Amino acid sequence: MQKKKLKKVLNKAQKYIPGISGLLGKRPDMYLKDGNWPTYYSKAKGANIWDLDNKKYYDFSMFSAGTSVLGYADSEVNKASINAIKSGSISTLNPPEDAELAELLIKDHKWAGGVRFARCGGESMSIAIRLARAFTKKEKILFCGYHGWHDWYLAANHQYKGNLDFQLLPGLKPLGVPKGLRGTVIPFRFNNWTDFDKIIKRNIKDAAAIVIEPCREGFPEKKYMLALKKIAKKNNAVLMFDEITSGYRLNTGGAHKILKIDPDMVIYGKTIANGIPMSAIIGKKEIMNFALKTFVSSVFWTEKVGPASALAFIKKHRRLKIGNKLKQVGKRVKKIWAKAAKANNLEIDIFGIDPLASFKIKSNNWPAVLTYFIQEMLKLKILTTDKCYANYKHDDKALKIYEKACFKVFRKISKIINSDGEILDKLEGPPKEMGFNRLTK
Ligand SMILES: Cc1ncc(COP(=O)(O)O)c(C=O)c1O
């Protein structure tokens, strides 16, 4: 039964907002269909979210696509953003926090010499691609993984319509993206030596950049990353690390610091200000200087809330060693899944780096099993999916509640699938839509 308030808001959104949400991952159909997902929140604090009826849930799902590792509405980051708003969120003059944040980031990235700020991940990647093309005077981009919705990226599907199937989502149509971009962007598989030989080596002479996340489901071989660095350097291509998801999750800064490999550019986005819009493009001075030779400029890249919040976030992150805490939480979540599966005779695959863990229960209808898991966990007031973005506010109490709920729902799943029961019959709506490929196998 849909709640009255939810129904009212959903009706409006369905009428006027195609897809209901601006983010694919926040469409209710990605969790539960037929109005069975709370969809809207009235408040979010720590690891909790309150729906429109003020019902309180624990968030053990994607934690707003992983934006807020300190927990929602963190008091220190909030204080910095509220002060920034009170002193004027924007003006004809620039916020000095820009310079302070730039200095802090350059100190943390000694190989770099310049920074530009933006507010979203995808737009930052577009800026970085523009600078790399301007700097190298070449056009092709060799890439692996997801890097945003922009033309430069989606154009990959003009060459072969399945190019993005294994990078992002199957069947994406590059509608609205000029066909003239065909052949300008070429995908390769993560940590894959065959693609290194067949794709990277063959195209590197014409490539402006190699774009990659330094870690995805796991870390690549160090030898592989060194080979990327070497071939990029030799051929005047920019080695670009997209740390929009991996940044500030394993350590204070980028995962590339763990690999001990310095790129030519690194891009941080959603994690850098704990959910306040902010992003940073950091790079070698000679590349970043092209920001003046080409044209990259936007009014809201100069507001104050983003840099003030990022400064507060980075300082707190470093002080509390948040990277270590997230790894510990992720490890514990993986253990919970493994123990709950074993206790209930379920075969389970668990993968992903600890702070971005995922699981898959062996069954003949995984979308239906996953939908059932989400449906039953929601009844126990837990928002969940097959991934858990570890959070500082996933404290002992929250983890114990999650553990108890997982054991209970895994037992129900086991009862159905291990007795040849039909899981579809137990669903209160159709199975969910399945999402991105990038964090699942
Ligand atoms: C690795 C990576 N790059 C780029 C993006 C795009 O960022 P945004 O959604 O802020 O535009 C994302 C978002 O999930 C991401 O994970």
# chains A, B, ... in the order shown; residues from 1 in each chain; ligands from 1

call {"tool": "closest_atom_pairs", "arguments": {"of": "chain A", "to": "ligand 1", "cutoff": "7 Å", "atoms": "only C-alpha atoms and all ligand atoms", "output": "Markdown table"}}
result
| residue | atom | partner | partner_atom_place_in_ligand_line | distance |
| --- | --- | --- | --- | --- |
| A:Ala65 | CA | ligand 1 | 14 (O) | 6.5 |
| A:Cys120 | CA | ligand 1 | 10 (O) | 4.2 |
| A:Gly121 | CA | ligand 1 | 7 (O) | 3.3 |
| A:Gly122 | CA | ligand 1 | 11 (O) | 3.4 |
| A:Glu123 | CA | ligand 1 | 11 (O) | 6.1 |
| A:Met125 | CA | ligand 1 | 4 (C) | 6.8 |
| A:Tyr146 | CA | ligand 1 | 3 (N) | 5.3 |
| A:His147 | CA | ligand 1 | 3 (N) | 3.7 |
| A:Gly148 | CA | ligand 1 | 6 (C) | 4.0 |
| A:Trp149 | CA | ligand 1 | 11 (O) | 6.9 |
| A:Glu213 | CA | ligand 1 | 1 (C) | 6.4 |
| A:Asp242 | CA | ligand 1 | 1 (C) | 5.6 |
| A:Glu243 | CA | ligand 1 | 1 (C) | 6.0 |
| A:Ile244 | CA | ligand 1 | 1 (C) | 4.8 |
| A:Thr245 | CA | ligand 1 | 16 (O) | 4.5 |
| A:Gly269 | CA | ligand 1 | 10 (O) | 6.1 |
| A:Lys270 | CA | ligand 1 | 10 (O) | 5.7 |

call {"tool": "residues_around", "arguments": {"residues": "Glu376 in chain A", "least_positions_apart": "4", "cutoff": "10 Å", "atoms": "only C-alpha atoms", "output": "list in words"}}
result
Leu370, Thr371, Tyr372, Leu380, Lys381, Ile382, Leu383, Thr384, Ala405, Cys406, Lys408, Val409, Phe410, Lys412, Ile413 and Leu427 of chain A

call {"tool": "residues_around", "arguments": {"residues": "Ala291 in chain A", "least_positions_apart": "5", "cutoff": "9 Å", "atoms": "only C-alpha atoms", "output": "list in words"}}
result
Arg116, Ile127, Arg130, Leu131, Ala134, Val296 and Ser297 of chain A

call {"tool": "closest_residue", "arguments": {"among": "A:Ile287, A:Leu104, A:Ile210, A:Leu93", "to": "Gly145 in chain A", "atoms": "only C-alpha atoms"}}
result
A:Ile210

call {"tool": "closest_residue", "arguments": {"among": "A:Tyr402, A:Asp34, A:Thr302, A:Pro307", "to": "Asn11 in chain A", "atoms": "only C-alpha atoms"}}
result
A:Asp34

call {"tool": "residues_around", "arguments": {"residues": "Ala208 in chain A", "least_positions_apart": "4", "cutoff": "10 Å", "atoms": "only C-alpha atoms", "output": "JSON, numbers by chain"}}
result
{"A": [129, 130, 131, 132, 133, 134, 135, 136, 137, 138, 139, 140, 141, 142, 184, 204, 232, 235, 236, 237, 238, 239]}

call {"tool": "residues_around", "arguments": {"residues": "Ile90 in chain A", "least_positions_apart": "4", "cutoff": "12 Å", "atoms": "only C-alpha atoms", "output": "PyMOL selection string"}}
result
chain A and resi 84-86+94-97+299-308

call {"tool": "write_last_selection", "arguments": {"atoms": "C-alpha atoms", "output": "compact mmCIF listing (two decimals), in the first residue's frame"}}
result
# COMPACT_ATOMS: atom_id res chain seq x y z
CA ALA A 84 29.82 29.89 4.08
CA ILE A 85 26.13 30.48 3.35
CA LYS A 86 25.83 33.02 6.17
CA ASN A 94 36.07 34.90 -5.29
CA PRO A 95 36.10 32.80 -2.09
CA PRO A 96 39.57 32.62 -0.49
CA GLU A 97 38.78 28.99 0.43
CA VAL A 299 29.62 30.73 -12.52
CA PHE A 300 28.94 28.11 -9.86
CA TRP A 301 32.51 26.84 -9.87
CA THR A 302 33.23 30.01 -7.88
CA GLU A 303 30.78 29.68 -4.99
CA LYS A 304 31.98 29.33 -1.43
CA VAL A 305 30.10 26.37 0.09
CA GLY A 306 31.94 23.70 -1.91
CA PRO A 307 35.55 24.63 -1.06
CA ALA A 308 34.69 25.55 2.57

call {"tool": "residues_around", "arguments": {"residues": "Pro28 in chain A", "least_positions_apart": "6", "cutoff": "8 Å", "atoms": "only C-alpha atoms", "output": "list in words"}}
result
Gly35, Trp37, Pro38 and Thr39 of chain A

call {"tool": "residues_around", "arguments": {"residues": "Lys110 in chain A", "least_positions_apart": "2", "cutoff": "12 Å", "atoms": "only C-alpha atoms", "output": "VMD selection string"}}
result
chain A and resid 103 to 108 112 to 114 257 261 to 265 282 to 285

call {"tool": "closest_residue", "arguments": {"among": "A:Lys233, A:His394, A:Lys315, A:Lys379", "to": "Lys327 in chain A", "atoms": "only C-alpha atoms"}}
result
A:His394

call {"tool": "atom_distance", "arguments": {"atom1": "CA of Lys339 in chain A", "atom2": "CA of Thr385 in chain A"}}
result
17.5 Å

call {"tool": "closest_residue", "arguments": {"among": "A:Leu10, A:Leu181, A:Ile267, A:Ile401", "to": "Trp152 in chain A", "atoms": "only C-alpha atoms"}}
result
A:Leu181

call {"tool": "select_by_dssp", "arguments": {"residues": "range 243-395 of chain A", "states": "helix (DSSP H, G or I)", "output": "MDAnalysis selection string"}}
result
chainID A and resid 256:259 285:288 290:293 299:302 305:319 322:343 366:379

call {"tool": "select_by_dssp", "arguments": {"residues": "range 119-366 of chain A", "states": "strand (DSSP E)", "output": "ChimeraX atom specification"}}
result
/A:140-143,185-187,207-212,238-242,265-268,279-283,348-351,356-361

call {"tool": "decode", "arguments": {"residues": "range 381-397 of chain A", "atoms": "N, CA and C atoms", "output": "short mmCIF file (atom, residue, chain, number, x, y, z; two decimals), in the first residue's frame"}}
result
data_model
loop_
_atom_site.label_atom_id
_atom_site.label_comp_id
_atom_site.auth_asym_id
_atom_site.auth_seq_id
_atom_site.Cartn_x
_atom_site.Cartn_y
_atom_site.Cartn_z
N LYS A 381 13.30 -2.11 8.34
CA LYS A 381 13.74 -0.71 8.37
C LYS A 381 15.21 -0.54 7.97
N ILE A 382 15.60 -1.30 6.96
CA ILE A 382 16.96 -1.15 6.43
C ILE A 382 16.88 -0.95 4.93
N LEU A 383 17.51 0.13 4.46
CA LEU A 383 17.63 0.34 3.01
C LEU A 383 18.87 -0.42 2.58
N THR A 384 18.70 -1.28 1.60
CA THR A 384 19.85 -2.09 1.21
C THR A 384 19.76 -2.48 -0.25
N THR A 385 20.83 -3.05 -0.74
CA THR A 385 20.86 -3.64 -2.07
C THR A 385 21.99 -4.68 -2.05
N ASP A 386 22.52 -5.04 -3.23
CA ASP A 386 23.59 -6.03 -3.24
C ASP A 386 24.96 -5.41 -3.00
N LYS A 387 24.99 -4.08 -2.80
CA LYS A 387 26.27 -3.41 -2.53
C LYS A 387 26.14 -2.68 -1.21
N CYS A 388 27.24 -2.56 -0.51
CA CYS A 388 27.21 -1.73 0.70
C CYS A 388 28.39 -0.76 0.65
N TYR A 389 28.08 0.52 0.59
CA TYR A 389 29.13 1.53 0.65
C TYR A 389 29.39 1.80 2.14
N ALA A 390 30.54 1.33 2.61
CA ALA A 390 30.84 1.44 4.04
C ALA A 390 30.87 2.90 4.48
N ASN A 391 30.43 3.12 5.72
CA ASN A 391 30.34 4.48 6.22
C ASN A 391 30.85 4.57 7.65
N TYR A 392 31.44 5.73 7.98
CA TYR A 392 31.94 5.99 9.32
C TYR A 392 30.83 5.80 10.37
N LYS A 393 29.59 6.11 9.98
CA LYS A 393 28.47 6.02 10.93
C LYS A 393 27.84 4.63 10.97
N HIS A 394 28.39 3.69 10.23
CA HIS A 394 28.00 2.29 10.42
C HIS A 394 28.72 1.79 11.67
N ASP A 395 28.20 2.19 12.81
CA ASP A 395 28.86 1.84 14.07
C ASP A 395 28.44 0.44 14.52
N ASP A 396 28.95 0.06 15.69
CA ASP A 396 28.70 -1.30 16.18
C ASP A 396 27.20 -1.60 16.26
N LYS A 397 26.44 -0.63 16.78
CA LYS A 397 24.99 -0.84 16.95
C LYS A 397 24.33 -1.07 15.57
#
